[in-house]
Amino acid sequence: MVGLNEWLILSGILFLIGAVGVLTRSNGLILFMSLELMLNAVNLSFVAFSRFTGRMDGQVFVFLVTAVAASEAAIGLAIFVNLFRLQKSVDVDQLNSMGD
Amino acid sequence: MTKRGALERVLFYLFGGLAVLSSLSMVTRRNPLGSALSLVVAFLSLAALYAVLKAHLLFAIQLWVYAGAVMVLVLFVIMLLNLRESESRPQPLGFGRFAIATVAVAGVGWKALSVFAEQTGDAVTVDDSFGTVAGVGEVLFTRWVLQFEVVSILLLAVIVAVVVLVKRRA
Amino acid sequence: MESGLLWLIPAAPLAAFVVNGSVSLATSRPGRHAPHGLVHAVACLGPGIAFLVSVWTFWQLHGMPEGSRVLTQHVYEWISSGSLQIDVAFRIDPLSGLMLLFVTGVGTLIHIYSTSYMHEERGFARYFTYLNLFMFAMLILVLADSLPLLFVGWEGVGLCSYLLIGYWYDDPEKASAGKKAFVFNRIGDFGVLLAMFLIFWTLSRAGAPSLRFEDIRAHLDAFSPGVATAVCLLLFLGATGKSAQIPLFVWLPDAMAGPTPVSALIHAATMVTAGVYLVARLGFLYALAPMALSIVALVGATTAVVAASIGVAQNDFKKVLAYSTVSQLGYMFVGVGVGAYGAGIFHVFTHAFFKACLFLGSGSVIHALHGEQDIRNMGGLRKVMPVTFWTFLIATLALAGIPPLAGFFSKDAILWEALSRPNVVWPWLPKLLWAMLLLGAFLTAFYMWRLVALAFFGTFRGTKEKLHHAHESPWPMAMPLVVLAACSVIVGFFGVPGFLGGSNAIDHWLEPAFVAEGHTAVAAVAEHAAHSAAAEWGATGVAMLMGLLGIGLGHLLYVRRPELATQLAARFSGLRRVLAAKYYVDEAYDAVVVRPVRMLSDRVLWRIFDVRIIDGIVNLLGGLTKAFSYVFRFFQSGYVQTYVFVVVLGVLVLLWRVK
């Protein structure tokens, strides 16, 4: 039997990998995908908790998170398209006009 | 039921490892296309893991929404913008950036995972309606109906927003 | 004895000041004119009322028994801080009572004179305002029962002197003359302040912390000779500033830039005598420091001779009188310096009358000649201005010490005291002083007669037009001249010495003010041994001879044989140049003090200290802020990923704090 802690560790590892990706990559789309990975890692932990407590609320939450993540994907991609129109690339390292 | 449990174990390590490996691949690809495809694999393995956890509806939704819609959209955009190679060299710290990020994240990870590791416990026995459409729906439309409605409005807003965002200036 | 009226004396001029000040401010805009009648009336009423009250208090004082002639009034508590208690309280004793009389009397006359003299000035209301304020300050000075309050008056008269000298402030030369007066006064004031601190410290240690004259007098034992000498010398420093002695006398001739009545009141009769008053007031303290007294006398005598010698070579009417004042002040200091406080004050008293008369007379002449002040352009004025001429003549003779005019008695008293009192510090001093004073008397008579001759005798050397317009002054100017000249004749008789058959009333009157219980009046300065009347006659005769010689020489050189004067001037042209240039004292001060201070200010204090150090520190602060912000700016990279990274770090920190 796989214990809760193992599920959580897996979820944590995936989350951290996503975090590294968010911090490191400068390609906007890859950044975005890393973000999605983080969300999914959290989803996994929700489902694990749901299984181990017998309550369905965790899964419902995953349902809602998925919906929100999908809408976020839509909007994010639209933004990237616009960004591409502006600077001919999706390199987020070039987006520093709000800095000093 | 050790046979059951052993099967569960095997599936967990199989798909878990696949998920981790494909995630790592996704984060380190140079070509965004490769990244996207790696992520698809990761999503698929997650879906399998949901199935192992008896979350049948979510297994399906993960496949349709994430692997099927979100990633398709992403691939679409990649193709549309014709993104080939990613950044020539990651700015401005190069490899150093990667190292720093890994160290920071590892620090967080060390702590967090050590907490996770203490959460021992066995799965409770559940009946057959666990994780099914009916089971999830029942909870969704009773206890979580407000959130459901809000999300649907959110989706409406998103539709409008996307249309506005992508309009070319006249 | 308590009196409820003393406050009136300073209050009347103060009230006049307030009224005239308001009028002056209200009419200071162009196009508005101050009402002459009101301003004049108020201005003259102030000192006039003060004079009447002064006379009344003097009369009261006179009626009191000899040992207890004191009137006091406590007005209010001013400073009460720990052991330091300073009150606004007035004290009239024989000394201040006498001072009050001539300060208010001459003051009132000069106010009346000014109403005519300043008639055409557009700022005349301002003039009277300052003049009234001056009277107030001077009266505070005289009435004060403690050193700090005296110092308030002291500073006040210095301020008014500055304001009045620089009355015509748009002329930079006149304005800077005012500044010069104030600066030199200030240097002296420093001495007075230090002396006050020293006195307070000494008395505190003796258990009687106070700065009232009475308390100083009662605790003379607390002063060691060294401390007493230090205090006295410091006070004398203040006196040299206020009373224009060496080394701080240079402001007084420049002060002639102010209106002539100002010169008469402030720089002849009242303010400049404040220094002598101060020394006399603390005479009992000076008695403990014979060295200080000797220095006072020596400085006074030196100043007397030096100033008289400068006066010989001056061509400006008022400058001659200015140096004469400096010289006569020197005489007064010799008087108090040998311990003859009575004689010194007597000369203050008589000098006020005839010097004021001389100055007002000069004002009369200047007014008649529409501003001409160079005596080389005058002459023959006695026919045109008889009143001015006769009063001027009387005052000149008084100044020269011709009997039976007032100056004779007061000057002679000083000369005699200087000669006859042995000195414990420098045994040769009395003879030296006497010789110097005799020389001074000769020079005084000479330059005064030169002035009279060049201005009033002979023929007019100016333009025909000026002569045509010259006329006698109107009565507000002429009347004071007559009164002052009359006083110059009469007041001498208050001090007729014993050997001439008189009772020396003034000396007896003043004596109680200088004694201290347990100490003889001038303890360490030995009383003059009994000299024979013959010696006194002889000394007096010599002094008178000096005066006559001076007049004689002056008459010879400037009336009878003027060509001799030119010849002599050519022969001794070098000497003449030095005298005319006032021994180059101003130039010396400029080179030794002013230039170095300026250079220090510019090169060191400004260029280095201000620009480099202070600005450097301020700029450093700015620079530091800039550097800090430069560091912090890195956090504002504009990259979202950087911000996320910081969030991760934050989470890390939080996690590590949680167990």
# chains A, B, ... in the order shown; residues from 1 in each chain; ligands from 1
call {"tool": "interface_residues", "arguments": {"of": "chain B", "to": "chain A", "cutoff": "7 Å", "atoms": "only C-alpha atoms", "output": "count of residues only"}}
result
42
call {"tool": "select_by_dssp", "arguments": {"residues": "range 44-151 of chain B", "states": "helix (DSSP H, G or I)", "output": "ChimeraX atom specification"}}
result
/B:44-52,56-81,95-116,133-142,145-151
call {"tool": "interface_residues", "arguments": {"of": "chain C", "to": "chain B", "cutoff": "10 Å", "atoms": "only C-alpha atoms", "output": "PDB file with C-alpha atoms, in the first residue's frame"}}
result
ATOM      1  CA  PHE C 645      12.586  34.213  -6.840  1.00  0.00           C
ATOM      2  CA  VAL C 646      12.311  36.572  -3.954  1.00  0.00           C
ATOM      3  CA  VAL C 648      10.677  31.609  -2.999  1.00  0.00           C
ATOM      4  CA  LEU C 649      13.378  32.955  -0.780  1.00  0.00           C
ATOM      5  CA  GLY C 650      10.756  34.342   1.502  1.00  0.00           C
ATOM      6  CA  VAL C 651       9.032  31.006   1.692  1.00  0.00           C
ATOM      7  CA  LEU C 652      12.360  29.445   2.463  1.00  0.00           C
ATOM      8  CA  VAL C 653      12.937  31.823   5.313  1.00  0.00           C
ATOM      9  CA  LEU C 654       9.490  31.198   6.678  1.00  0.00           C
ATOM     10  CA  LEU C 655       9.851  27.472   6.500  1.00  0.00           C
ATOM     11  CA  TRP C 656      13.103  27.467   8.300  1.00  0.00           C
ATOM     12  CA  VAL C 658       8.792  27.013  11.512  1.00  0.00           C
ATOM     13  CA  LYS C 659       9.628  23.801  13.215  1.00  0.00           C
TER      14      LYS C 659
END
call {"tool": "closest_atom_pairs", "arguments": {"of": "chain C", "to": "chain A", "cutoff": "7 Å", "atoms": "only C-alpha atoms", "output": "tab-separated table"}}
result
residue	atom	partner	partner_atom	distance
C:Arg633	CA	A:Asp100	CA	6.5
C:Gln636	CA	A:Gly99	CA	5.1
C:Ser637	CA	A:Gly99	CA	4.7
C:Gly638	CA	A:Gly99	CA	3.6
C:Tyr639	CA	A:Asn96	CA	5.5
C:Gln641	CA	A:Leu23	CA	5.4
C:Val644	CA	A:Leu23	CA	6.8
C:Phe645	CA	A:Leu23	CA	6.3
call {"tool": "write_last_selection", "arguments": {"atoms": "N, CA, C and O atoms", "output": "PDB file, in the first residue's frame"}}
result
ATOM      1  N   ARG C 633      18.016  49.101  -5.964  1.00  0.00           N
ATOM      2  CA  ARG C 633      17.420  49.122  -7.295  1.00  0.00           C
ATOM      3  C   ARG C 633      17.496  47.774  -7.979  1.00  0.00           C
ATOM      4  O   ARG C 633      16.661  47.455  -8.818  1.00  0.00           O
ATOM      5  N   GLN C 636      14.562  45.841  -8.120  1.00  0.00           N
ATOM      6  CA  GLN C 636      13.508  46.231  -9.051  1.00  0.00           C
ATOM      7  C   GLN C 636      13.984  45.965 -10.457  1.00  0.00           C
ATOM      8  O   GLN C 636      14.286  46.880 -11.198  1.00  0.00           O
ATOM      9  N   SER C 637      14.112  44.729 -10.782  1.00  0.00           N
ATOM     10  CA  SER C 637      14.693  44.433 -12.084  1.00  0.00           C
ATOM     11  C   SER C 637      13.687  44.543 -13.192  1.00  0.00           C
ATOM     12  O   SER C 637      14.021  44.668 -14.353  1.00  0.00           O
ATOM     13  N   GLY C 638      12.427  44.486 -12.827  1.00  0.00           N
ATOM     14  CA  GLY C 638      11.420  44.500 -13.890  1.00  0.00           C
ATOM     15  C   GLY C 638      11.103  43.094 -14.362  1.00  0.00           C
ATOM     16  O   GLY C 638      10.114  42.861 -15.031  1.00  0.00           O
ATOM     17  N   TYR C 639      11.932  42.159 -14.001  1.00  0.00           N
ATOM     18  CA  TYR C 639      11.666  40.767 -14.414  1.00  0.00           C
ATOM     19  C   TYR C 639      10.772  40.110 -13.381  1.00  0.00           C
ATOM     20  O   TYR C 639      11.088  40.074 -12.203  1.00  0.00           O
ATOM     21  N   GLN C 641      10.361  37.096 -12.974  1.00  0.00           N
ATOM     22  CA  GLN C 641      11.013  35.924 -12.410  1.00  0.00           C
ATOM     23  C   GLN C 641      11.847  36.271 -11.193  1.00  0.00           C
ATOM     24  O   GLN C 641      11.955  35.490 -10.254  1.00  0.00           O
ATOM     25  N   VAL C 644       9.526  36.464  -8.392  1.00  0.00           N
ATOM     26  CA  VAL C 644       9.138  35.116  -7.949  1.00  0.00           C
ATOM     27  C   VAL C 644      10.249  34.497  -7.115  1.00  0.00           C
ATOM     28  O   VAL C 644      10.000  33.856  -6.094  1.00  0.00           O
ATOM     29  N   PHE C 645      11.440  34.746  -7.562  1.00  0.00           N
ATOM     30  CA  PHE C 645      12.586  34.213  -6.840  1.00  0.00           C
ATOM     31  C   PHE C 645      12.615  34.730  -5.409  1.00  0.00           C
ATOM     32  O   PHE C 645      12.874  33.984  -4.460  1.00  0.00           O
TER      33      PHE C 645
END
call {"tool": "residues_around", "arguments": {"residues": "range 259-272 of chain C", "least_positions_apart": "6", "cutoff": "6 Å", "atoms": "only C-alpha atoms", "output": "list in words"}}
result
Lys242, Ser243, Ala352, Ala356, Phe359 and Gly363 of chain C
call {"tool": "select_by_dssp", "arguments": {"residues": "range 85-269 of chain C", "states": "strand (DSSP E)", "output": "PyMOL selection string"}}
result
chain C and resi 85-92
call {"tool": "write_last_selection", "arguments": {"atoms": "C-alpha atoms", "output": "JSON list (two decimals), in the first residue's frame"}}
result
[["chain", "number", "residue", "atom", "x", "y", "z"],
["C", 85, "GLN", "CA", 18.08, 86.81, 40.61],
["C", 86, "ILE", "CA", 17.91, 89.90, 38.44],
["C", 87, "ASP", "CA", 15.12, 92.40, 38.95],
["C", 88, "VAL", "CA", 14.12, 95.51, 37.16],
["C", 89, "ALA", "CA", 14.77, 97.86, 40.02],
["C", 90, "PHE", "CA", 15.86, 101.48, 40.13],
["C", 91, "ARG", "CA", 18.17, 103.18, 42.52],
["C", 92, "ILE", "CA", 18.90, 106.85, 42.82]]
call {"tool": "decode", "arguments": {"residues": "range 18-168 of chain B", "atoms": "C-alpha atoms", "output": "PDB file, in the first residue's frame"}}
result
ATOM      1  CA  LEU B  18       7.350   8.879 -15.660  1.00  0.00           C
ATOM      2  CA  ALA B  19       5.782  12.068 -14.424  1.00  0.00           C
ATOM      3  CA  VAL B  20       8.983  13.206 -12.778  1.00  0.00           C
ATOM      4  CA  LEU B  21      11.139  12.350 -15.721  1.00  0.00           C
ATOM      5  CA  SER B  22       8.923  14.049 -18.230  1.00  0.00           C
ATOM      6  CA  SER B  23       8.685  17.098 -15.978  1.00  0.00           C
ATOM      7  CA  LEU B  24      12.416  17.323 -15.802  1.00  0.00           C
ATOM      8  CA  SER B  25      12.528  17.012 -19.524  1.00  0.00           C
ATOM      9  CA  MET B  26      10.000  19.734 -19.940  1.00  0.00           C
ATOM     10  CA  VAL B  27      11.930  22.158 -17.775  1.00  0.00           C
ATOM     11  CA  THR B  28      15.200  21.572 -19.551  1.00  0.00           C
ATOM     12  CA  ARG B  29      14.241  21.435 -23.220  1.00  0.00           C
ATOM     13  CA  ARG B  30      15.604  24.095 -25.458  1.00  0.00           C
ATOM     14  CA  ASN B  31      12.951  23.736 -28.054  1.00  0.00           C
ATOM     15  CA  PRO B  32       9.501  24.727 -26.802  1.00  0.00           C
ATOM     16  CA  LEU B  33       7.958  22.047 -28.900  1.00  0.00           C
ATOM     17  CA  GLY B  34       9.893  19.422 -27.027  1.00  0.00           C
ATOM     18  CA  SER B  35       8.860  21.038 -23.793  1.00  0.00           C
ATOM     19  CA  ALA B  36       5.237  20.894 -24.748  1.00  0.00           C
ATOM     20  CA  LEU B  37       5.333  17.291 -25.730  1.00  0.00           C
ATOM     21  CA  SER B  38       7.094  16.386 -22.509  1.00  0.00           C
ATOM     22  CA  LEU B  39       4.400  18.100 -20.599  1.00  0.00           C
ATOM     23  CA  VAL B  40       1.782  16.104 -22.421  1.00  0.00           C
ATOM     24  CA  VAL B  41       3.472  12.949 -21.239  1.00  0.00           C
ATOM     25  CA  ALA B  42       3.506  14.336 -17.746  1.00  0.00           C
ATOM     26  CA  PHE B  43      -0.179  15.041 -17.900  1.00  0.00           C
ATOM     27  CA  LEU B  44      -0.915  11.574 -19.161  1.00  0.00           C
ATOM     28  CA  SER B  45       0.986  10.030 -16.299  1.00  0.00           C
ATOM     29  CA  LEU B  46      -0.853  12.230 -13.865  1.00  0.00           C
ATOM     30  CA  ALA B  47      -4.093  11.048 -15.309  1.00  0.00           C
ATOM     31  CA  ALA B  48      -3.005   7.492 -14.695  1.00  0.00           C
ATOM     32  CA  LEU B  49      -2.134   8.351 -11.148  1.00  0.00           C
ATOM     33  CA  TYR B  50      -5.572   9.801 -10.622  1.00  0.00           C
ATOM     34  CA  ALA B  51      -6.959   6.478 -11.782  1.00  0.00           C
ATOM     35  CA  VAL B  52      -4.811   4.675  -9.249  1.00  0.00           C
ATOM     36  CA  LEU B  53      -6.336   6.936  -6.630  1.00  0.00           C
ATOM     37  CA  LYS B  54      -9.796   5.886  -7.768  1.00  0.00           C
ATOM     38  CA  ALA B  55     -10.619   9.410  -9.032  1.00  0.00           C
ATOM     39  CA  HIS B  56     -12.303   8.182 -12.187  1.00  0.00           C
ATOM     40  CA  LEU B  57     -13.934  11.432 -13.282  1.00  0.00           C
ATOM     41  CA  LEU B  58     -10.764  13.389 -12.817  1.00  0.00           C
ATOM     42  CA  PHE B  59      -8.825  10.866 -14.786  1.00  0.00           C
ATOM     43  CA  ALA B  60     -11.085  11.579 -17.711  1.00  0.00           C
ATOM     44  CA  ILE B  61     -11.159  15.319 -17.235  1.00  0.00           C
ATOM     45  CA  GLN B  62      -7.403  15.479 -16.980  1.00  0.00           C
ATOM     46  CA  LEU B  63      -7.129  13.795 -20.329  1.00  0.00           C
ATOM     47  CA  TRP B  64      -9.761  15.938 -22.042  1.00  0.00           C
ATOM     48  CA  VAL B  65      -8.993  19.335 -20.574  1.00  0.00           C
ATOM     49  CA  TYR B  66      -5.326  19.361 -19.908  1.00  0.00           C
ATOM     50  CA  ALA B  67      -3.815  16.984 -22.379  1.00  0.00           C
ATOM     51  CA  GLY B  68      -6.540  17.482 -24.867  1.00  0.00           C
ATOM     52  CA  ALA B  69      -7.373  21.160 -24.789  1.00  0.00           C
ATOM     53  CA  VAL B  70      -4.764  23.186 -22.956  1.00  0.00           C
ATOM     54  CA  MET B  71      -1.793  21.472 -24.493  1.00  0.00           C
ATOM     55  CA  VAL B  72      -3.352  21.514 -27.912  1.00  0.00           C
ATOM     56  CA  LEU B  73      -3.785  25.234 -27.532  1.00  0.00           C
ATOM     57  CA  VAL B  74      -0.214  25.631 -26.463  1.00  0.00           C
ATOM     58  CA  LEU B  75       1.024  23.595 -29.358  1.00  0.00           C
ATOM     59  CA  PHE B  76      -1.147  25.612 -31.623  1.00  0.00           C
ATOM     60  CA  VAL B  77       0.410  28.834 -30.467  1.00  0.00           C
ATOM     61  CA  ILE B  78       3.897  27.399 -30.736  1.00  0.00           C
ATOM     62  CA  MET B  79       3.221  26.419 -34.282  1.00  0.00           C
ATOM     63  CA  LEU B  80       1.500  29.684 -35.098  1.00  0.00           C
ATOM     64  CA  LEU B  81       4.344  31.819 -33.853  1.00  0.00           C
ATOM     65  CA  ASN B  82       6.810  29.441 -35.306  1.00  0.00           C
ATOM     66  CA  LEU B  83       8.904  29.317 -32.182  1.00  0.00           C
ATOM     67  CA  ARG B  84      11.953  27.339 -32.922  1.00  0.00           C
ATOM     68  CA  GLU B  85      14.906  27.459 -30.688  1.00  0.00           C
ATOM     69  CA  SER B  86      14.328  28.993 -27.380  1.00  0.00           C
ATOM     70  CA  GLU B  87      16.574  31.694 -26.046  1.00  0.00           C
ATOM     71  CA  SER B  88      20.079  31.529 -27.410  1.00  0.00           C
ATOM     72  CA  ARG B  89      21.564  31.833 -23.997  1.00  0.00           C
ATOM     73  CA  PRO B  90      19.496  32.305 -20.886  1.00  0.00           C
ATOM     74  CA  GLN B  91      19.934  35.856 -19.700  1.00  0.00           C
ATOM     75  CA  PRO B  92      21.502  37.288 -17.725  1.00  0.00           C
ATOM     76  CA  LEU B  93      23.178  34.749 -15.498  1.00  0.00           C
ATOM     77  CA  GLY B  94      23.233  31.758 -17.774  1.00  0.00           C
ATOM     78  CA  PHE B  95      23.915  28.515 -16.048  1.00  0.00           C
ATOM     79  CA  GLY B  96      24.291  30.322 -12.786  1.00  0.00           C
ATOM     80  CA  ARG B  97      20.644  31.205 -12.817  1.00  0.00           C
ATOM     81  CA  PHE B  98      19.736  27.581 -13.027  1.00  0.00           C
ATOM     82  CA  ALA B  99      22.035  26.682 -10.200  1.00  0.00           C
ATOM     83  CA  ILE B 100      20.761  29.411  -7.911  1.00  0.00           C
ATOM     84  CA  ALA B 101      17.179  28.530  -8.601  1.00  0.00           C
ATOM     85  CA  THR B 102      17.860  24.878  -7.935  1.00  0.00           C
ATOM     86  CA  VAL B 103      19.561  25.635  -4.672  1.00  0.00           C
ATOM     87  CA  ALA B 104      16.768  27.866  -3.474  1.00  0.00           C
ATOM     88  CA  VAL B 105      14.129  25.455  -4.495  1.00  0.00           C
ATOM     89  CA  ALA B 106      16.033  22.573  -3.012  1.00  0.00           C
ATOM     90  CA  GLY B 107      16.175  24.405   0.266  1.00  0.00           C
ATOM     91  CA  VAL B 108      12.427  24.813   0.231  1.00  0.00           C
ATOM     92  CA  GLY B 109      12.035  21.298  -0.894  1.00  0.00           C
ATOM     93  CA  TRP B 110      14.147  19.827   1.818  1.00  0.00           C
ATOM     94  CA  LYS B 111      12.012  21.381   4.467  1.00  0.00           C
ATOM     95  CA  ALA B 112       8.685  20.839   2.826  1.00  0.00           C
ATOM     96  CA  LEU B 113       9.298  17.252   1.902  1.00  0.00           C
ATOM     97  CA  SER B 114      10.498  16.398   5.349  1.00  0.00           C
ATOM     98  CA  VAL B 115       7.156  17.583   6.631  1.00  0.00           C
ATOM     99  CA  PHE B 116       5.335  15.616   4.012  1.00  0.00           C
ATOM    100  CA  ALA B 117       7.257  12.551   4.908  1.00  0.00           C
ATOM    101  CA  GLU B 118       5.713  12.556   8.340  1.00  0.00           C
ATOM    102  CA  GLN B 119       2.162  12.336   7.091  1.00  0.00           C
ATOM    103  CA  THR B 120       1.672   8.650   7.491  1.00  0.00           C
ATOM    104  CA  GLY B 121      -1.649   7.041   7.302  1.00  0.00           C
ATOM    105  CA  ASP B 122      -3.645   4.433   5.459  1.00  0.00           C
ATOM    106  CA  ALA B 123      -6.273   4.973   2.892  1.00  0.00           C
ATOM    107  CA  VAL B 124      -9.790   4.541   4.154  1.00  0.00           C
ATOM    108  CA  THR B 125     -11.969   2.031   2.475  1.00  0.00           C
ATOM    109  CA  VAL B 126     -14.367   3.575   0.084  1.00  0.00           C
ATOM    110  CA  ASP B 127     -17.400   2.325  -1.670  1.00  0.00           C
ATOM    111  CA  ASP B 128     -17.843   2.099  -5.396  1.00  0.00           C
ATOM    112  CA  SER B 129     -19.326   5.484  -5.893  1.00  0.00           C
ATOM    113  CA  PHE B 130     -16.109   7.138  -4.848  1.00  0.00           C
ATOM    114  CA  GLY B 131     -14.642   9.266  -7.596  1.00  0.00           C
ATOM    115  CA  THR B 132     -17.416   8.556 -10.073  1.00  0.00           C
ATOM    116  CA  VAL B 133     -19.316  11.144 -12.014  1.00  0.00           C
ATOM    117  CA  ALA B 134     -22.316  10.775  -9.764  1.00  0.00           C
ATOM    118  CA  GLY B 135     -20.232  10.924  -6.644  1.00  0.00           C
ATOM    119  CA  VAL B 136     -18.362  14.025  -7.634  1.00  0.00           C
ATOM    120  CA  GLY B 137     -21.438  15.655  -9.076  1.00  0.00           C
ATOM    121  CA  GLU B 138     -23.388  15.144  -5.924  1.00  0.00           C
ATOM    122  CA  VAL B 139     -20.831  16.960  -3.854  1.00  0.00           C
ATOM    123  CA  LEU B 140     -20.198  19.552  -6.513  1.00  0.00           C
ATOM    124  CA  PHE B 141     -23.780  20.607  -6.915  1.00  0.00           C
ATOM    125  CA  THR B 142     -24.621  20.667  -3.266  1.00  0.00           C
ATOM    126  CA  ARG B 143     -21.767  21.914  -1.202  1.00  0.00           C
ATOM    127  CA  TRP B 144     -19.787  23.648  -3.953  1.00  0.00           C
ATOM    128  CA  VAL B 145     -22.517  25.033  -6.130  1.00  0.00           C
ATOM    129  CA  LEU B 146     -21.627  28.667  -5.482  1.00  0.00           C
ATOM    130  CA  GLN B 147     -18.066  28.124  -6.552  1.00  0.00           C
ATOM    131  CA  PHE B 148     -19.310  26.271  -9.578  1.00  0.00           C
ATOM    132  CA  GLU B 149     -21.455  29.204 -10.636  1.00  0.00           C
ATOM    133  CA  VAL B 150     -18.640  31.652 -10.075  1.00  0.00           C
ATOM    134  CA  VAL B 151     -16.323  29.588 -12.211  1.00  0.00           C
ATOM    135  CA  SER B 152     -18.837  29.535 -14.983  1.00  0.00           C
ATOM    136  CA  ILE B 153     -19.005  33.315 -14.939  1.00  0.00           C
ATOM    137  CA  LEU B 154     -15.247  33.337 -14.931  1.00  0.00           C
ATOM    138  CA  LEU B 155     -15.269  31.276 -18.069  1.00  0.00           C
ATOM    139  CA  LEU B 156     -17.596  33.732 -19.688  1.00  0.00           C
ATOM    140  CA  ALA B 157     -15.315  36.580 -18.776  1.00  0.00           C
ATOM    141  CA  VAL B 158     -12.352  34.700 -20.126  1.00  0.00           C
ATOM    142  CA  ILE B 159     -14.047  34.202 -23.447  1.00  0.00           C
ATOM    143  CA  VAL B 160     -14.723  37.892 -23.768  1.00  0.00           C
ATOM    144  CA  ALA B 161     -11.225  38.759 -22.614  1.00  0.00           C
ATOM    145  CA  VAL B 162      -9.555  36.518 -25.098  1.00  0.00           C
ATOM    146  CA  VAL B 163     -11.520  37.915 -27.959  1.00  0.00           C
ATOM    147  CA  VAL B 164     -10.636  41.430 -26.929  1.00  0.00           C
ATOM    148  CA  LEU B 165      -7.009  40.590 -26.413  1.00  0.00           C
ATOM    149  CA  VAL B 166      -6.449  39.081 -29.757  1.00  0.00           C
ATOM    150  CA  LYS B 167      -8.155  41.682 -31.816  1.00  0.00           C
ATOM    151  CA  ARG B 168      -5.800  43.444 -34.133  1.00  0.00           C
TER     152      ARG B 168
END
